[in-house]
Amino acid sequence: MNKSEAWTLKDLVSLEKLSREEIDTIHHMAAHFKQTLGRRQKKLPSLRGKTVVNLFLEPSTRTRTAFEMAAKRLSADVISISQSASSLVKGESLRDTALNIQALNADLLVIRHSAAGAAEYLSERLEIPVINAGDGAHEHPTQALLDTFTLREKFTPEGAEQLSDLSGRKITILGDILFSRVARSNIYAMQKLGAKVTLAGPKTLVPKSFEAFGVEVSHNLQEALADADAVMLLRIQRERMNAAYFPSIGEYTSMFGLNQERASLLKPDAIIMHPGPINRGVEIDSTIADGQRSVILDQVTNGVLCRMAVLLLTASAAGTKAKGSI
Ligand code: ASP
């Protein structure tokens with residue numbers, strides 16, 4: 001596949017340093033997989049004989065399953081390890097656990113960790129590719145790749161040969177931005193693809209300091225929703241909070257939850273997104289989550305395709321002894 005020519009990086013640890021060309025390479029490959037993989041051909045032989053290890057040290061349903069499926073669709077062997085089943089509970093360090101996984105001849109390591117920087121730390125110490133599946137409140141690059149892929153798909157006119165980018169699009173991310181790695185990775189990805197990003201939610205969870213990312217910060221929900229082409233809702237990340245950022249969940253829902261009334265402020269063709277897990281009746285009403293404009297399950301489906309591209313590109317770069325991290 002010629003598109004992989006634009007790829008030389010061993011690891012995927014953040015979207016911050018990923019170039020527009022590299023994002024395009026992943027998205028074009030994901031689109032190619034979507035076209036070619038179907039009922040007839042479910043698997044490609046590309047990673048046959050390779051072993052992918054998923055080291056998931058925080059809970060996950062979608063990301064972990066999608067990485068497993070992506071590896072299997074590329075014919076790799078895949079092993080998943082969780083915190084409670086690893087020797088980390090016996091006091092082994094993350095570095096030692098990872099070095100042991102490499103010594104067992106794994107070819108790629110996918111890591112989810114509660115500490116920001118964990119993936120980058122390992123990428124500097126391992127020879128095999130390290131893929132960040134979420135590091136604390138820092139980044140979740142493959143989530144942003146699948147989110148922006150989903151947006152591009154939806155905004156591409158029918159019959160067009162190439163995916164459209166996000167130029168001229170306005171995207172509002174609403175919710176707990178402060179503790180969200182999904183927000184951070186998406187801010188980078190969406191802007192690199194040409195979108196204007198607005199962050200909305202309570203002042204405590206959406207501080208003005210985020211303007212340093214080049215985004216607009218709005219505490220006026222009406223304004224933030226009115227001209228958006230897409231709105232991405234985020235869950236309240238209570239597991240990362242050590243203080244009260246709003247009076248109660250009920251209060252949050254009444255002020256910022258996306259219900260029918262607020263959704264009617266959106267343009268009729270605006271897209272509604274959520275990385276999951278959704279908390280029905282908190283940040284999003286069931287009628288909205290299951291409604292016509294919701295692309296939440298498309299995001300999940302596209303997650304497998306984008307992760308296939310990431311596994312294949314990083315494995316290929318490692319195979320050709322390419323150097324560098326993103
Ligand atoms: N699944 C996403 C993450 O791992 C979003 C969330 O948990 O709310 O960051």
# chains A, B, ... in the order shown; residues from 1 in each chain; ligands from 1
$ residues_near_ligand --ligand "ligand 1" --cutoff "10 Å" --atoms "only C-alpha atoms and all ligand atoms" --output "compact mmCIF listing (two decimals) with N, CA and C atoms, in the first residue's frame"
# COMPACT_ATOMS: atom_id res chain seq x y z
N GLU A 58 -5.90 -0.10 33.16
CA GLU A 58 -7.09 0.68 33.54
C GLU A 58 -8.26 0.01 32.83
N PRO A 59 -9.48 0.16 33.36
CA PRO A 59 -10.62 -0.50 32.71
C PRO A 59 -10.81 -0.05 31.26
N SER A 60 -11.32 -0.96 30.44
CA SER A 60 -11.60 -0.63 29.03
C SER A 60 -12.50 -1.71 28.44
N THR A 61 -13.46 -1.30 27.65
CA THR A 61 -14.26 -2.27 26.88
C THR A 61 -13.93 -2.09 25.41
N ARG A 62 -14.27 -0.91 24.87
CA ARG A 62 -14.14 -0.65 23.43
C ARG A 62 -12.70 -0.71 22.94
N THR A 63 -11.83 0.06 23.61
CA THR A 63 -10.46 0.20 23.08
C THR A 63 -9.76 -1.15 23.09
N ARG A 64 -9.90 -1.86 24.19
CA ARG A 64 -9.20 -3.14 24.29
C ARG A 64 -9.73 -4.16 23.27
N ARG A 112 -2.33 0.83 28.08
CA ARG A 112 -3.22 1.80 28.73
C ARG A 112 -2.78 1.90 30.18
N HIS A 113 -2.63 3.14 30.65
CA HIS A 113 -2.11 3.36 32.01
C HIS A 113 -2.73 4.61 32.59
N SER A 114 -2.86 4.64 33.91
CA SER A 114 -3.47 5.81 34.55
C SER A 114 -2.51 7.00 34.66
N ALA A 133 -2.79 3.54 24.34
CA ALA A 133 -4.25 3.31 24.33
C ALA A 133 -4.91 4.14 25.42
N GLY A 134 -4.25 5.24 25.81
CA GLY A 134 -4.80 6.14 26.84
C GLY A 134 -3.85 6.21 28.02
N ASP A 135 -3.26 7.41 28.26
CA ASP A 135 -2.36 7.57 29.42
C ASP A 135 -2.89 8.69 30.30
N GLY A 136 -3.54 8.30 31.40
CA GLY A 136 -4.09 9.28 32.33
C GLY A 136 -4.96 10.29 31.63
N ALA A 137 -4.82 11.55 32.02
CA ALA A 137 -5.62 12.61 31.38
C ALA A 137 -4.85 13.23 30.21
N HIS A 138 -3.77 12.57 29.77
CA HIS A 138 -2.90 13.17 28.75
C HIS A 138 -3.43 13.00 27.33
N GLU A 139 -3.34 11.79 26.77
CA GLU A 139 -3.78 11.61 25.37
C GLU A 139 -4.38 10.22 25.15
N HIS A 140 -5.19 10.12 24.14
CA HIS A 140 -5.78 8.86 23.70
C HIS A 140 -5.79 8.93 22.17
N PRO A 141 -4.59 8.79 21.57
CA PRO A 141 -4.48 9.10 20.14
C PRO A 141 -5.38 8.28 19.22
N GLN A 143 -8.24 7.07 19.80
CA GLN A 143 -9.63 7.53 19.92
C GLN A 143 -9.84 8.75 19.01
N ASP A 176 -16.56 17.26 30.52
CA ASP A 176 -15.39 17.31 31.38
C ASP A 176 -14.13 17.32 30.51
N PHE A 179 -10.25 16.68 32.61
CA PHE A 179 -9.70 15.35 32.91
C PHE A 179 -9.73 14.42 31.69
N SER A 180 -10.00 14.99 30.52
CA SER A 180 -10.21 14.14 29.36
C SER A 180 -9.03 14.04 28.42
N ARG A 181 -8.49 12.85 28.31
CA ARG A 181 -7.43 12.60 27.31
C ARG A 181 -8.02 12.59 25.90
N VAL A 182 -9.31 12.23 25.82
CA VAL A 182 -9.97 12.23 24.50
C VAL A 182 -10.05 13.66 23.96
N ALA A 183 -10.37 14.60 24.85
CA ALA A 183 -10.45 16.00 24.41
C ALA A 183 -9.09 16.48 23.92
N LEU A 233 -19.74 14.73 23.07
CA LEU A 233 -20.01 14.78 24.51
C LEU A 233 -18.97 13.96 25.24
N LEU A 234 -18.63 14.43 26.43
CA LEU A 234 -17.66 13.68 27.23
C LEU A 234 -18.24 13.35 28.59
N ARG A 235 -17.87 12.19 29.07
CA ARG A 235 -18.30 11.70 30.38
C ARG A 235 -17.58 12.49 31.48
N ILE A 236 -18.23 12.60 32.63
CA ILE A 236 -17.54 13.15 33.80
C ILE A 236 -16.58 12.08 34.32
N GLN A 237 -15.29 12.41 34.32
CA GLN A 237 -14.26 11.41 34.68
C GLN A 237 -14.05 11.39 36.19
N ARG A 238 -15.05 10.89 36.89
CA ARG A 238 -14.99 10.96 38.36
C ARG A 238 -13.77 10.24 38.93
N GLU A 239 -13.30 9.22 38.21
CA GLU A 239 -12.17 8.44 38.74
C GLU A 239 -10.88 9.27 38.79
N HIS A 274 -19.77 10.60 20.86
CA HIS A 274 -19.38 10.32 22.25
C HIS A 274 -18.37 9.17 22.18
N PRO A 275 -17.24 9.29 22.90
CA PRO A 275 -16.25 8.21 22.81
C PRO A 275 -16.66 6.96 23.58
N GLY A 276 -17.68 7.08 24.45
CA GLY A 276 -18.06 5.97 25.32
C GLY A 276 -17.06 5.83 26.46
N PRO A 277 -17.42 5.25 27.55
CA PRO A 277 -18.76 4.75 27.85
C PRO A 277 -19.73 5.91 28.12
N ILE A 278 -20.96 5.79 27.58
CA ILE A 278 -21.93 6.86 27.81
C ILE A 278 -22.62 6.63 29.16
N ASN A 279 -22.93 7.72 29.81
CA ASN A 279 -23.74 7.65 31.03
C ASN A 279 -25.10 8.23 30.67
$ residues_around --residues "Lys154 (chain A)" --least-positions-apart "6" --cutoff "12 Å" --atoms "only C-alpha atoms" --output "PyMOL selection string"
chain A and resi 147-148+160+163-166+169+229-230+269-273+293-295+298-299+302
$ residues_around --residues "Val231 (chain A)" --least-positions-apart "4" --cutoff "6 Å" --atoms "only C-alpha atoms" --output "list in words"
Ile171, Thr172, Ile173 and Ile272 of chain A
$ write_last_selection --atoms "C-alpha atoms" --output "PDB file, in the first residue's frame"
ATOM      1  CA  ILE A 171     -16.861  21.165  16.322  1.00  0.00           C
ATOM      2  CA  THR A 172     -17.958  21.609  19.922  1.00  0.00           C
ATOM      3  CA  ILE A 173     -16.598  19.330  22.639  1.00  0.00           C
ATOM      4  CA  ILE A 272     -23.609  13.821  17.746  1.00  0.00           C
TER       5      ILE A 272
END
$ select_by_dssp --residues "region 169-220 of chain A" --states "helix (DSSP H, G or I)" --output "MDAnalysis selection string"
chainID A and resid 181:192 208:213
$ select_by_dssp --residues "region 75-299 of chain A" --states "strand (DSSP E or B)" --output "count of residues only"
43
$ residues_around --residues "Val217 (chain A)" --least-positions-apart "4" --cutoff "9 Å" --atoms "only C-alpha atoms" --output "ChimeraX atom specification"
/A:197-201,206-211,224
$ atom_distance --atom1 "CA of Leu151 (chain A)" --atom2 "CA of Ala195 (chain A)"
10.5 Å
$ closest_residue --among "A:Thr8, A:Ser316, A:Thr36, A:Thr301" --to "Ala70 (chain A)" --atoms "only C-alpha atoms"
A:Thr301
$ residues_around --residues "Lys72 (chain A)" --least-positions-apart "2" --cutoff "10 Å" --atoms "only C-alpha atoms" --output "list in words"
Lys42, Lys43, Leu44, Pro45, Leu47, Arg48, Thr51, Val52, Ala66, Phe67, Glu68, Met69, Ala70, Leu74, Ser75, Ala76, Asp77, Val78 and Met308 of chain A
$ closest_residue --among "A:Val282, A:Ala119, A:Met241, A:Leu225" --to "Leu178 (chain A)" --atoms "only C-alpha atoms"
A:Met241
$ closest_residue --among "A:Arg73, A:Arg184, A:Lys17, A:His27" --to "Val310 (chain A)" --atoms "only C-alpha atoms"
A:His27
$ closest_residue --among "A:Leu12, A:Gly168, A:Ala315, A:Leu94" --to "Ala106 (chain A)" --atoms "only C-alpha atoms"
A:Ala315
$ atom_distance --atom1 "CA of Asn242 (chain A)" --atom2 "CA of Ser84 (chain A)"
23.2 Å
$ closest_residue --among "A:Leu57, A:Leu305, A:Leu9, A:Met232" --to "Ala317 (chain A)" --atoms "only C-alpha atoms"
A:Leu9
